[in-house]
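Student: As input, take my_file_32.cif (mmCIF, C-alpha atoms):
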```cif
data_protein
loop_
_atom_site.label_atom_id
_atom_site.label_comp_id
_atom_site.auth_asym_id
_atom_site.auth_seq_id
_atom_site.Cartn_x
_atom_site.Cartn_y
_atom_site.Cartn_z
CA MET C 1 0.00 0.00 0.00
CA ALA C 2 1.32 3.44 -0.96
CA PRO C 3 2.12 5.76 1.97
CA GLU C 4 -0.48 8.42 2.76
CA VAL C 5 0.32 11.76 1.15
CA ARG C 6 0.32 14.54 3.75
CA THR C 7 2.48 17.25 2.19
CA VAL C 8 3.00 18.93 -1.16
CA GLU C 9 6.58 17.64 -1.07
CA GLN C 10 5.38 14.02 -0.87
CA LEU C 11 2.83 14.66 -3.61
CA LEU C 12 5.31 16.07 -6.12
CA ALA C 13 7.91 13.42 -5.30
CA ALA C 14 5.43 10.76 -6.43
CA LYS C 15 4.20 12.44 -9.65
CA GLU C 16 5.45 13.20 -13.15
CA ILE C 17 2.79 15.73 -14.19
CA VAL C 18 1.17 18.41 -12.02
CA VAL C 19 -1.62 20.47 -13.58
CA THR C 20 -2.40 23.69 -11.69
CA CYS C 21 -5.88 25.13 -12.15
CA GLY C 22 -7.81 28.09 -10.78
CA SER C 23 -9.69 31.26 -11.63
CA GLY C 24 -7.91 34.41 -12.72
CA GLY C 25 -6.11 36.56 -10.17
CA VAL C 26 -5.64 33.91 -7.45
CA GLY C 27 -1.87 33.45 -7.92
CA LYS C 28 -2.02 30.29 -10.02
CA THR C 29 0.93 31.17 -12.28
CA THR C 30 3.05 32.21 -9.29
CA THR C 31 2.10 29.02 -7.43
CA ALA C 32 3.08 26.87 -10.43
CA ALA C 33 6.46 28.61 -10.60
CA ALA C 34 6.92 28.23 -6.83
CA LEU C 35 6.17 24.50 -7.03
CA GLY C 36 8.71 24.15 -9.83
CA THR C 37 11.31 26.08 -7.85
CA MET C 38 10.81 23.90 -4.77
CA ALA C 39 10.89 20.66 -6.76
CA ALA C 40 14.13 21.63 -8.53
CA THR C 41 15.64 22.77 -5.24
CA HIS C 42 14.71 19.84 -2.99
CA LEU C 43 13.79 16.86 -5.20
CA GLY C 44 16.41 17.23 -7.92
CA GLY C 45 16.10 16.01 -11.50
CA LYS C 46 14.87 18.14 -14.39
CA VAL C 47 11.72 20.15 -13.67
CA LEU C 48 9.76 22.00 -16.36
CA VAL C 49 7.14 24.69 -15.76
CA LEU C 50 4.92 24.97 -18.86
CA THR C 51 2.52 27.90 -18.99
CA VAL C 52 -0.53 27.74 -21.23
CA ASP C 53 -1.70 31.17 -20.10
CA PRO C 54 -0.06 33.69 -22.47
CA ALA C 55 0.91 36.03 -19.60
CA ARG C 56 4.66 36.58 -19.36
CA ARG C 57 4.87 37.12 -15.60
CA LEU C 58 6.45 33.70 -15.24
CA ALA C 59 9.60 34.73 -17.12
CA THR C 60 10.30 37.67 -14.84
CA ALA C 61 9.74 35.69 -11.65
CA MET C 62 12.07 32.93 -12.82
CA GLY C 63 14.92 35.26 -13.75
CA LEU C 64 14.46 34.96 -17.51
CA GLU C 65 14.20 37.83 -19.96
CA ALA C 66 11.78 35.81 -22.09
CA PHE C 67 10.95 32.28 -23.11
CA GLY C 68 8.75 30.57 -25.69
CA ASN C 69 7.86 27.23 -27.21
CA VAL C 70 11.39 25.87 -26.79
CA GLU C 71 12.23 25.08 -23.18
CA THR C 72 14.69 27.46 -21.53
CA ARG C 73 16.77 26.60 -18.48
CA VAL C 74 16.68 28.97 -15.52
CA PRO C 75 20.33 30.03 -15.09
CA SER C 76 22.26 29.00 -12.01
CA GLU C 77 23.08 32.69 -11.47
CA ALA C 78 19.40 33.38 -10.74
CA PHE C 79 19.42 30.72 -8.01
CA ALA C 80 22.70 32.01 -6.63
CA ALA C 81 21.33 35.56 -6.44
CA ALA C 82 18.48 34.20 -4.30
CA GLY C 83 20.87 32.24 -2.08
CA ILE C 84 19.58 28.88 -3.33
CA GLU C 85 21.61 25.81 -4.29
CA PRO C 86 19.24 23.58 -6.26
CA ARG C 87 19.71 19.82 -6.40
CA GLY C 88 18.25 19.74 -9.90
CA GLU C 89 17.49 21.90 -12.93
CA LEU C 90 14.54 24.25 -13.49
CA TRP C 91 13.27 24.84 -17.02
CA ALA C 92 10.43 26.97 -18.39
CA ALA C 93 8.41 27.13 -21.60
CA MET C 94 5.38 29.07 -22.80
CA LEU C 95 3.06 27.61 -25.39
CA ASP C 96 3.50 29.13 -28.86
CA THR C 97 0.25 28.08 -30.54
CA LYS C 98 1.36 28.70 -34.13
CA GLN C 99 4.72 26.92 -33.76
CA SER C 100 3.10 24.00 -31.98
CA TRP C 101 0.50 23.63 -34.74
CA ASP C 102 3.24 23.60 -37.36
CA ASP C 103 5.06 20.89 -35.41
CA LEU C 104 1.80 18.93 -35.09
CA VAL C 105 1.22 19.02 -38.85
CA ARG C 106 4.77 17.92 -39.55
CA ARG C 107 4.39 15.05 -37.08
CA HIS C 108 0.97 13.73 -38.14
CA ALA C 109 0.66 14.50 -41.86
CA PRO C 110 0.58 11.21 -43.82
CA ASP C 111 3.16 12.41 -46.34
CA ALA C 112 5.30 15.38 -47.30
CA LYS C 113 2.87 16.53 -50.00
CA THR C 114 -0.05 16.76 -47.56
CA ARG C 115 2.18 18.44 -44.96
CA ASP C 116 3.30 21.14 -47.39
CA ALA C 117 -0.25 21.66 -48.68
CA ILE C 118 -1.61 22.25 -45.18
CA LEU C 119 1.18 24.64 -44.20
CA ALA C 120 0.73 26.57 -47.47
CA ASN C 121 -3.08 26.76 -47.29
CA PRO C 122 -4.24 30.42 -47.37
CA LEU C 123 -6.40 29.92 -44.27
CA TYR C 124 -3.81 28.14 -42.19
CA GLN C 125 -2.09 31.24 -40.74
CA ASN C 126 -5.35 32.55 -39.25
CA VAL C 127 -7.08 29.29 -38.48
CA THR C 128 -4.38 27.92 -36.19
CA GLY C 129 -4.95 30.76 -33.75
CA LYS C 130 -8.75 30.53 -33.58
CA PHE C 131 -9.95 27.21 -34.90
CA VAL C 132 -12.02 24.91 -32.67
CA GLN C 133 -10.30 25.50 -29.35
CA SER C 134 -6.93 25.22 -31.07
CA HIS C 135 -5.05 26.79 -28.16
CA ASP C 136 -6.45 24.27 -25.68
CA TYR C 137 -5.96 21.31 -28.00
CA ILE C 138 -2.40 22.16 -28.90
CA ALA C 139 -1.58 22.63 -25.21
CA MET C 140 -2.54 19.01 -24.57
CA GLU C 141 -0.51 17.94 -27.60
CA ARG C 142 2.51 19.81 -26.25
CA LEU C 143 2.14 18.32 -22.78
CA TYR C 144 1.87 14.82 -24.20
CA GLU C 145 4.88 15.39 -26.45
CA LEU C 146 7.04 16.71 -23.61
CA HIS C 147 6.10 13.89 -21.25
CA SER C 148 6.61 11.22 -23.91
CA SER C 149 10.11 12.53 -24.63
CA GLY C 150 11.23 11.45 -21.16
CA THR C 151 13.39 14.57 -20.89
CA TYR C 152 11.85 15.85 -17.68
CA ASP C 153 11.29 14.17 -14.33
CA LEU C 154 8.44 16.53 -13.45
CA ILE C 155 6.27 18.79 -15.62
CA ILE C 156 4.15 21.46 -13.95
CA VAL C 157 1.46 22.93 -16.20
CA ASP C 158 0.01 26.38 -15.58
CA THR C 159 -3.41 26.33 -17.25
CA PRO C 160 -5.75 29.17 -18.28
CA PRO C 161 -8.39 30.31 -15.73
CA THR C 162 -10.67 27.57 -14.41
CA ARG C 163 -13.54 27.20 -16.86
CA ASN C 164 -11.08 27.52 -19.72
CA ALA C 165 -9.08 24.76 -18.06
CA ILE C 166 -12.11 22.52 -18.49
CA ASP C 167 -11.82 23.28 -22.21
CA PHE C 168 -8.14 22.38 -21.88
CA LEU C 169 -9.10 18.92 -20.56
CA GLU C 170 -11.84 18.30 -23.12
CA ALA C 171 -10.14 19.79 -26.19
CA PRO C 172 -8.65 16.55 -27.64
CA GLU C 173 -12.02 14.78 -27.60
CA ARG C 174 -13.83 17.79 -29.08
CA MET C 175 -11.25 18.10 -31.83
CA ALA C 176 -11.62 14.44 -32.76
CA ASP C 177 -15.41 14.70 -32.67
CA PHE C 178 -15.34 17.76 -34.92
CA PHE C 179 -13.28 16.10 -37.62
CA SER C 180 -15.65 13.14 -37.68
CA SER C 181 -18.86 15.17 -37.35
CA ARG C 182 -21.82 14.84 -39.70
CA LEU C 183 -21.91 18.64 -40.16
CA LEU C 184 -18.35 18.75 -41.45
CA ARG C 185 -18.97 15.85 -43.84
CA TRP C 186 -22.08 17.63 -45.16
CA LEU C 187 -20.16 20.86 -45.73
CA LEU C 188 -17.32 19.09 -47.52
CA ALA C 189 -19.37 16.68 -49.61
CA PRO C 190 -19.91 18.97 -52.62
CA TYR C 191 -16.20 19.74 -52.83
CA ARG C 192 -15.23 16.10 -52.49
CA SER C 193 -17.51 14.88 -55.25
CA ARG C 194 -17.89 18.06 -57.30
CA PHE C 195 -21.56 17.19 -57.35
CA MET C 196 -24.34 19.29 -55.83
CA ASN C 197 -27.84 17.85 -55.58
CA LEU C 198 -30.85 20.08 -56.09
CA ALA C 199 -31.48 20.47 -52.36
CA SER C 200 -28.04 21.74 -51.52
CA LYS C 201 -27.27 23.77 -54.64
CA PRO C 202 -29.18 26.97 -53.66
CA PHE C 203 -27.29 27.10 -50.36
CA TYR C 204 -23.91 26.92 -52.05
CA GLN C 205 -24.92 29.41 -54.74
CA VAL C 206 -25.79 31.95 -52.03
CA ALA C 207 -22.63 31.14 -50.08
CA ASP C 208 -20.52 31.53 -53.21
CA ARG C 209 -22.02 34.97 -53.89
CA ILE C 210 -21.44 36.16 -50.32
CA LEU C 211 -18.06 34.59 -49.57
CA GLY C 212 -16.70 33.80 -52.98
CA SER C 213 -16.19 30.32 -54.41
CA ALA C 214 -12.41 30.54 -53.94
CA PHE C 215 -12.85 31.16 -50.24
CA LEU C 216 -15.20 28.19 -49.86
CA GLN C 217 -12.80 26.04 -51.84
CA ASP C 218 -9.93 27.05 -49.55
CA ILE C 219 -12.02 26.06 -46.54
CA ALA C 220 -12.91 22.73 -48.08
CA ASP C 221 -9.31 22.03 -49.10
CA PHE C 222 -8.12 22.87 -45.61
CA PHE C 223 -10.51 20.52 -43.83
CA ILE C 224 -10.09 17.74 -46.36
CA LEU C 225 -6.33 17.90 -45.83
CA PHE C 226 -6.76 17.96 -42.07
CA GLN C 227 -9.03 14.93 -42.17
CA THR C 228 -6.06 12.93 -43.45
CA MET C 229 -4.68 13.32 -39.92
CA TYR C 230 -7.89 12.19 -38.23
CA ASP C 231 -6.52 8.86 -37.03
CA GLY C 232 -3.61 10.66 -35.43
CA PHE C 233 -5.96 13.06 -33.68
CA VAL C 234 -8.13 10.27 -32.30
CA GLN C 235 -5.19 8.17 -31.13
CA ARG C 236 -3.62 11.20 -29.47
CA ALA C 237 -6.88 12.15 -27.75
CA ARG C 238 -7.12 8.67 -26.24
CA SER C 239 -3.46 8.77 -25.19
CA VAL C 240 -3.87 12.18 -23.54
CA GLU C 241 -6.97 11.01 -21.66
CA ARG C 242 -5.08 8.00 -20.35
CA LEU C 243 -2.15 10.21 -19.35
CA LEU C 244 -4.39 12.59 -17.38
CA GLN C 245 -6.03 9.65 -15.57
CA ASP C 246 -2.70 7.95 -14.90
CA ARG C 247 -1.50 7.65 -11.31
CA ARG C 248 1.58 9.69 -12.30
CA THR C 249 -0.59 12.76 -12.94
CA THR C 250 -2.21 14.98 -10.34
CA PHE C 251 -4.12 18.26 -10.26
CA VAL C 252 -3.58 21.20 -7.92
CA VAL C 253 -6.45 23.68 -7.56
CA VAL C 254 -5.32 27.19 -6.57
CA SER C 255 -7.72 29.69 -5.03
CA THR C 256 -8.15 32.48 -2.55
CA LEU C 257 -10.94 32.28 0.01
CA ASP C 258 -12.96 35.08 -1.53
CA VAL C 259 -16.47 34.04 -2.52
CA ALA C 260 -16.13 33.96 -6.32
CA PRO C 261 -12.77 32.10 -6.47
CA VAL C 262 -14.02 29.55 -3.93
CA HIS C 263 -17.05 28.83 -6.12
CA GLU C 264 -14.71 28.37 -9.09
CA ALA C 265 -12.51 26.04 -7.05
CA GLU C 266 -15.52 23.98 -5.99
CA PHE C 267 -16.65 23.82 -9.60
CA PHE C 268 -13.32 22.49 -10.74
CA VAL C 269 -13.04 20.01 -7.86
CA GLY C 270 -16.39 18.60 -8.97
CA ALA C 271 -15.29 18.48 -12.61
CA LEU C 272 -12.16 16.53 -11.69
CA ARG C 273 -14.21 14.06 -9.67
CA GLU C 274 -16.61 13.52 -12.59
CA ARG C 275 -13.69 12.74 -14.89
CA ASN C 276 -11.92 10.44 -12.40
CA LEU C 277 -8.90 12.74 -12.32
CA HIS C 278 -6.70 12.88 -9.22
CA LEU C 279 -6.94 15.99 -7.06
CA GLY C 280 -3.67 16.02 -5.19
CA ALA C 281 -3.81 19.39 -3.46
CA VAL C 282 -5.74 22.59 -2.91
CA VAL C 283 -3.52 25.65 -2.42
CA LEU C 284 -5.21 28.62 -0.78
CA ASN C 285 -3.50 31.98 -1.25
CA LYS C 286 -3.69 35.11 0.94
CA VAL C 287 -5.09 33.31 3.97
CA LEU C 288 -5.47 35.24 7.23
CA PRO C 289 -3.06 34.21 10.04
CA SER C 290 -4.08 31.47 12.49
CA TYR C 291 -3.51 33.66 15.57
CA LEU C 292 -6.83 35.35 14.78
CA LEU C 293 -8.48 32.16 16.08
CA ASP C 294 -6.37 31.94 19.25
CA PRO C 295 -8.62 32.02 22.39
CA ALA C 296 -6.13 34.06 24.43
CA ALA C 297 -5.84 36.66 21.66
CA THR C 298 -9.64 36.77 21.42
CA ALA C 299 -9.90 37.42 25.15
CA THR C 300 -7.41 40.28 24.88
CA ALA C 301 -9.27 41.84 21.94
CA THR C 302 -12.57 41.58 23.81
CA LYS C 303 -11.02 43.27 26.85
CA LEU C 304 -9.77 46.10 24.66
CA CYS C 305 -13.26 46.61 23.28
CA ASP C 306 -15.19 46.35 26.53
CA GLY C 307 -12.64 47.88 28.90
CA ALA C 308 -10.58 50.24 26.81
CA GLY C 309 -10.97 52.97 29.42
CA GLY C 310 -9.48 50.89 32.20
CA VAL C 311 -6.59 49.72 30.00
CA ALA C 312 -5.88 53.33 28.96
CA ALA C 313 -5.89 54.47 32.59
CA ALA C 314 -3.25 51.87 33.48
CA LEU C 315 -0.85 53.06 30.78
CA PRO C 316 1.90 55.65 31.46
CA PRO C 317 0.80 59.30 31.03
CA ASP C 318 3.33 59.86 28.25
CA MET C 319 1.29 57.55 25.93
CA GLY C 320 -0.83 60.59 25.05
CA ASP C 321 -4.28 61.97 25.66
CA ARG C 322 -6.28 59.38 27.64
CA ASP C 323 -9.44 59.71 25.50
CA ALA C 324 -7.41 59.30 22.28
CA VAL C 325 -5.59 56.25 23.69
CA GLU C 326 -8.92 54.74 24.73
CA ARG C 327 -10.32 55.18 21.19
CA VAL C 328 -7.23 53.62 19.62
CA LEU C 329 -7.35 50.62 21.97
CA HIS C 330 -11.05 50.10 21.26
CA GLU C 331 -10.47 50.27 17.48
CA VAL C 332 -7.60 47.78 17.71
CA GLY C 333 -9.74 45.28 19.61
CA ALA C 334 -12.73 45.77 17.28
CA SER C 335 -10.55 45.37 14.21
CA PHE C 336 -9.13 42.09 15.54
CA LEU C 337 -12.61 40.72 16.22
CA ASN C 338 -13.83 41.76 12.75
CA PHE C 339 -10.89 40.01 11.10
CA GLN C 340 -11.63 37.01 13.32
CA VAL C 341 -15.10 36.68 11.76
CA VAL C 342 -13.46 36.43 8.32
CA ALA C 343 -10.84 33.99 9.63
CA LYS C 344 -13.58 31.72 11.00
CA ARG C 345 -15.32 31.74 7.64
CA GLU C 346 -12.03 30.90 5.93
CA ALA C 347 -11.46 28.01 8.35
CA GLU C 348 -14.87 26.56 7.47
CA GLN C 349 -14.14 26.88 3.75
CA ARG C 350 -10.74 25.22 4.21
CA GLY C 351 -12.46 22.35 6.01
CA GLU C 352 -14.94 21.87 3.17
CA LEU C 353 -12.23 21.87 0.52
CA SER C 354 -9.95 19.58 2.52
CA ALA C 355 -12.42 16.72 2.21
CA ALA C 356 -11.77 16.54 -1.55
CA ALA C 357 -7.96 16.71 -1.74
CA ASP C 358 -5.02 14.75 -0.34
CA VAL C 359 -3.37 17.98 0.82
CA VAL C 360 -4.65 21.47 1.64
CA ALA C 361 -1.89 24.07 1.88
CA THR C 362 -2.24 27.73 2.78
CA VAL C 363 -0.19 30.75 1.79
CA PRO C 364 -0.24 33.88 3.99
CA TYR C 365 -0.30 37.47 2.83
CA PHE C 366 3.19 38.62 1.84
CA ASP C 367 4.48 42.11 2.57
CA THR C 368 5.94 42.49 -0.93
CA ASP C 369 5.13 41.25 -4.41
CA ILE C 370 6.84 38.09 -5.62
CA TYR C 371 9.13 39.03 -8.49
CA ASP C 372 12.16 36.69 -8.31
CA LEU C 373 13.30 33.18 -7.36
CA GLY C 374 13.78 34.26 -3.76
CA GLY C 375 10.13 35.25 -3.54
CA LEU C 376 9.05 32.05 -5.28
CA SER C 377 11.09 30.08 -2.77
CA ARG C 378 9.48 31.88 0.18
CA LEU C 379 6.03 31.13 -1.20
CA GLY C 380 7.04 27.54 -1.87
CA GLU C 381 8.37 27.03 1.64
CA SER C 382 5.00 28.06 3.08
CA ILE C 383 3.24 25.16 1.32
CA TRP C 384 6.01 22.58 0.82
CA ARG C 385 5.82 20.76 4.17
#
```
Written as structure tokens, how would this file's structure read?

Tutor:
Amino acid sequence: MAPEVRTVEQLLAAKEIVVTCGSGGVGKTTTAAALGTMAATHLGGKVLVLTVDPARRLATAMGLEAFGNVETRVPSEAFAAAGIEPRGELWAAMLDTKQSWDDLVRRHAPDAKTRDAILANPLYQNVTGKFVQSHDYIAMERLYELHSSGTYDLIIVDTPPTRNAIDFLEAPERMADFFSSRLLRWLLAPYRSRFMNLASKPFYQVADRILGSAFLQDIADFFILFQTMYDGFVQRARSVERLLQDRRTTFVVVSTLDVAPVHEAEFFVGALRERNLHLGAVVLNKVLPSYLLDPAATATATKLCDGAGGVAAALPPDMGDRDAVERVLHEVGASFLNFQVVAKREAEQRGELSAAADVVATVPYFDTDIYDLGGLSRLGESIWR
């Protein structure tokens, strides 16, 4: 029997793929980078952080001027500047949709002629950026390719915001379904056979007048060429599904404890459960400190509220005007008790989320923004063990 996972460190030590998910603005990208930093520092091996979100904040935080579709190693100088001696290597890559589509075509086209025809198609330049969830689909292709290469011991994927991440999970199946759909076959039939029956001819005559026959022919040629890769799409979709359900893959849901992000986190936890995908951890950012729930601190705050006058009278005269001191002490106590109400609500929400995941880790408020490896390491230390 496998040992019970109680920490993020144990979780990442046992996995090969970690997919971080969460709504926008909850620190998901930073958390993914922090997990990668900690894994490279403490677990060793080669660790890759792959961002699907086109934001470039990850590069700055990891000490890189820029990075793209080709993986880039975080230089040892960046670790040294943060006072860190990593056991392993940290790499980063950001999905380049167009380049990844080109690589996909080169990999799956049945022959060189078809490959060149697809890449030269007039629609291809625009279609690859917008076509049928292409960004989500190609992200799964890239993840599968990187994992299959065996180059990295751990791959951490930073996905788009939550509901888009559901698209990320479902994109391979939707792509395969589209290429085999009855609608697509109906649209392409006249161009395959060069024959239009009486029922369909008026539609195509109108379409030709509006869009132009050359445009429709380009569309038909494009999809006909792409259908030559259908078997590759279907096989890859099945392989990606198996990879996501594999015991080597886990998901980490990142959230704050504000109402809207919590609802998004709960939505995604449910979606993972429906798809039999492993939820390894929930990481909660910007959590209020635990001392707000301390009984002794509560008693002190209550005393400040109810007996501020007596406390003020016992203080040295040089503290200031007694009435002003009394008001300050009362406000301090009231503020503590108000924050305590929020902290209690957060504790209840943590308890509800903890029932779904192996690990629930919390990150406190930080005094400064996280902008380098040192900051990523500080964040990582707060959730690692």

Student: Find the distance between CA of Val359 in chain C and CA of Val341 in chain C and write it in Å to one decimal.

Tutor: 24.6 Å

Student: Quick one: residues within 12 Å of Pro86 in chain C, only C-alpha atoms, excluding same-chain residues fewer than 2 positions away - as an MDAnalysis selection string?

Tutor: chainID C and resid 36:47 74:80 82:84 88:90 373 377

Student: Name the residues that the PyMOL selection byres ((chain C and resi 12) around 10) pulls out of this structure, and write them as a list in words.

Tutor: Val5, Thr7, Val8, Glu9, Gln10, Leu11, Ala13, Ala14, Lys15, Glu16, Ile17, Val18, Leu35, Gly36, Met38, Ala39, Leu43, Leu154, Ile155, Ile156, Arg248, Thr249, Thr250, Gly280 and Trp384 of chain C

Student: Can you pull out every residue within 9 Å of Ala34 in chain C, counting only C-alpha atoms, but drop anything in the same chain fewer than 5 positions away, and send it as a CSV table (one decimal) with C-alpha atoms, keeping the file's coordinate frame?

Tutor:
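Result saved to part15.csv:
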```csv
chain,number,residue,atom,x,y,z
C,29,THR,CA,0.9,31.2,-12.3
C,39,ALA,CA,10.9,20.7,-6.8
C,373,LEU,CA,13.3,33.2,-7.4
C,375,GLY,CA,10.1,35.2,-3.5
C,376,LEU,CA,9.0,32.0,-5.3
C,377,SER,CA,11.1,30.1,-2.8
C,378,ARG,CA,9.5,31.9,0.2
C,379,LEU,CA,6.0,31.1,-1.2
C,380,GLY,CA,7.0,27.5,-1.9
C,381,GLU,CA,8.4,27.0,1.6
```

Student: Using only C-alpha atoms for the distances, tell me which of C:Asp372, C:Asp318, C:Asp102, C:Asp294 is nearest to Lys344 in chain C.

Tutor: C:Asp294

Student: Of the candidates C:Ala32, C:Met229, C:Ala59, C:Val332, which shows the shortest atom-to-atom distance to Leu304 in chain C, using all atoms listed in the file?

Tutor: C:Val332

Student: For a quick check of understanding, using only C-alpha atoms, which of C:Ala237, C:Cys305, C:Ala93, C:Ile166 has the smallest distance to Glu141 in chain C?

Tutor: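 That would be C:Ala237, the residue with the smallest distance to Glu141 in chain C.
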
Student: What is the distance between CA of Ala61 in chain C and CA of Glu85 in chain C, in Å to one decimal?

Tutor: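 A separation of 17.1 Å between them.
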
Student: In Å to one decimal, how far is CA of His278 in chain C from CA of Arg6 in chain C?

Tutor: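 Result for CA of Arg6 in chain C versus CA of His278 in chain C: 14.8 Å, one decimal.
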
Student: Using all atoms listed in the file, find the one residue out of C:Phe222, C:Leu48, C:Thr31, C:Gly22 that sits nearest to Ala120 in chain C.

Tutor: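 Smallest separation from Ala120 in chain C among the options: C:Phe222.
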
Student: Kindly resolve the PyMOL selection byres ((chain C and resi 268) around 9) on the present coordinates and return the residues as a ChimeraX atom specification.

Tutor: /C:21-22,162-163,165-166,253,263-267,269-273

Student: Using the block above, I'd like range 74-81 of chain C written out, keeping all heavy atoms and formatting it as a compact mmCIF listing (two decimals), in the first residue's frame.

Tutor:
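Generated file (result.txt):
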```txt
# COMPACT_ATOMS: atom_id res chain seq x y z
N VAL C 74 16.45 27.86 -16.44
CA VAL C 74 16.68 28.97 -15.52
C VAL C 74 18.16 28.95 -15.12
O VAL C 74 18.66 27.93 -14.63
CB VAL C 74 15.78 28.85 -14.27
CG1 VAL C 74 16.10 29.95 -13.25
CG2 VAL C 74 14.31 28.91 -14.68
N PRO C 75 18.88 30.05 -15.33
CA PRO C 75 20.33 30.03 -15.09
C PRO C 75 20.68 29.86 -13.62
O PRO C 75 19.94 30.30 -12.73
CB PRO C 75 20.78 31.41 -15.61
CG PRO C 75 19.55 32.26 -15.54
CD PRO C 75 18.40 31.36 -15.80
N SER C 76 21.81 29.22 -13.38
CA SER C 76 22.26 29.00 -12.01
C SER C 76 22.51 30.33 -11.30
O SER C 76 22.40 30.41 -10.08
CB SER C 76 23.53 28.15 -12.01
OG SER C 76 24.55 28.76 -12.80
N GLU C 77 22.84 31.38 -12.07
CA GLU C 77 23.08 32.69 -11.47
C GLU C 77 21.82 33.23 -10.78
O GLU C 77 21.90 33.93 -9.76
CB GLU C 77 23.56 33.69 -12.53
CG GLU C 77 24.93 33.41 -13.11
CD GLU C 77 24.90 32.33 -14.18
OE1 GLU C 77 23.78 31.89 -14.56
OE2 GLU C 77 25.99 31.92 -14.64
N ALA C 78 20.65 32.92 -11.35
CA ALA C 78 19.40 33.38 -10.74
C ALA C 78 19.18 32.72 -9.39
O ALA C 78 18.71 33.35 -8.44
CB ALA C 78 18.23 33.11 -11.68
N PHE C 79 19.52 31.41 -9.30
CA PHE C 79 19.42 30.72 -8.01
C PHE C 79 20.44 31.28 -7.03
O PHE C 79 20.13 31.50 -5.85
CB PHE C 79 19.64 29.22 -8.21
CG PHE C 79 18.44 28.49 -8.70
CD1 PHE C 79 18.32 28.14 -10.04
CD2 PHE C 79 17.43 28.13 -7.83
CE1 PHE C 79 17.21 27.45 -10.50
CE2 PHE C 79 16.31 27.43 -8.27
CZ PHE C 79 16.19 27.09 -9.62
N ALA C 80 21.66 31.50 -7.51
CA ALA C 80 22.70 32.01 -6.63
C ALA C 80 22.34 33.37 -6.07
O ALA C 80 22.58 33.67 -4.89
CB ALA C 80 24.03 32.08 -7.38
N ALA C 81 21.73 34.23 -6.89
CA ALA C 81 21.33 35.56 -6.44
C ALA C 81 20.28 35.48 -5.33
O ALA C 81 20.19 36.38 -4.49
CB ALA C 81 20.78 36.37 -7.61
```
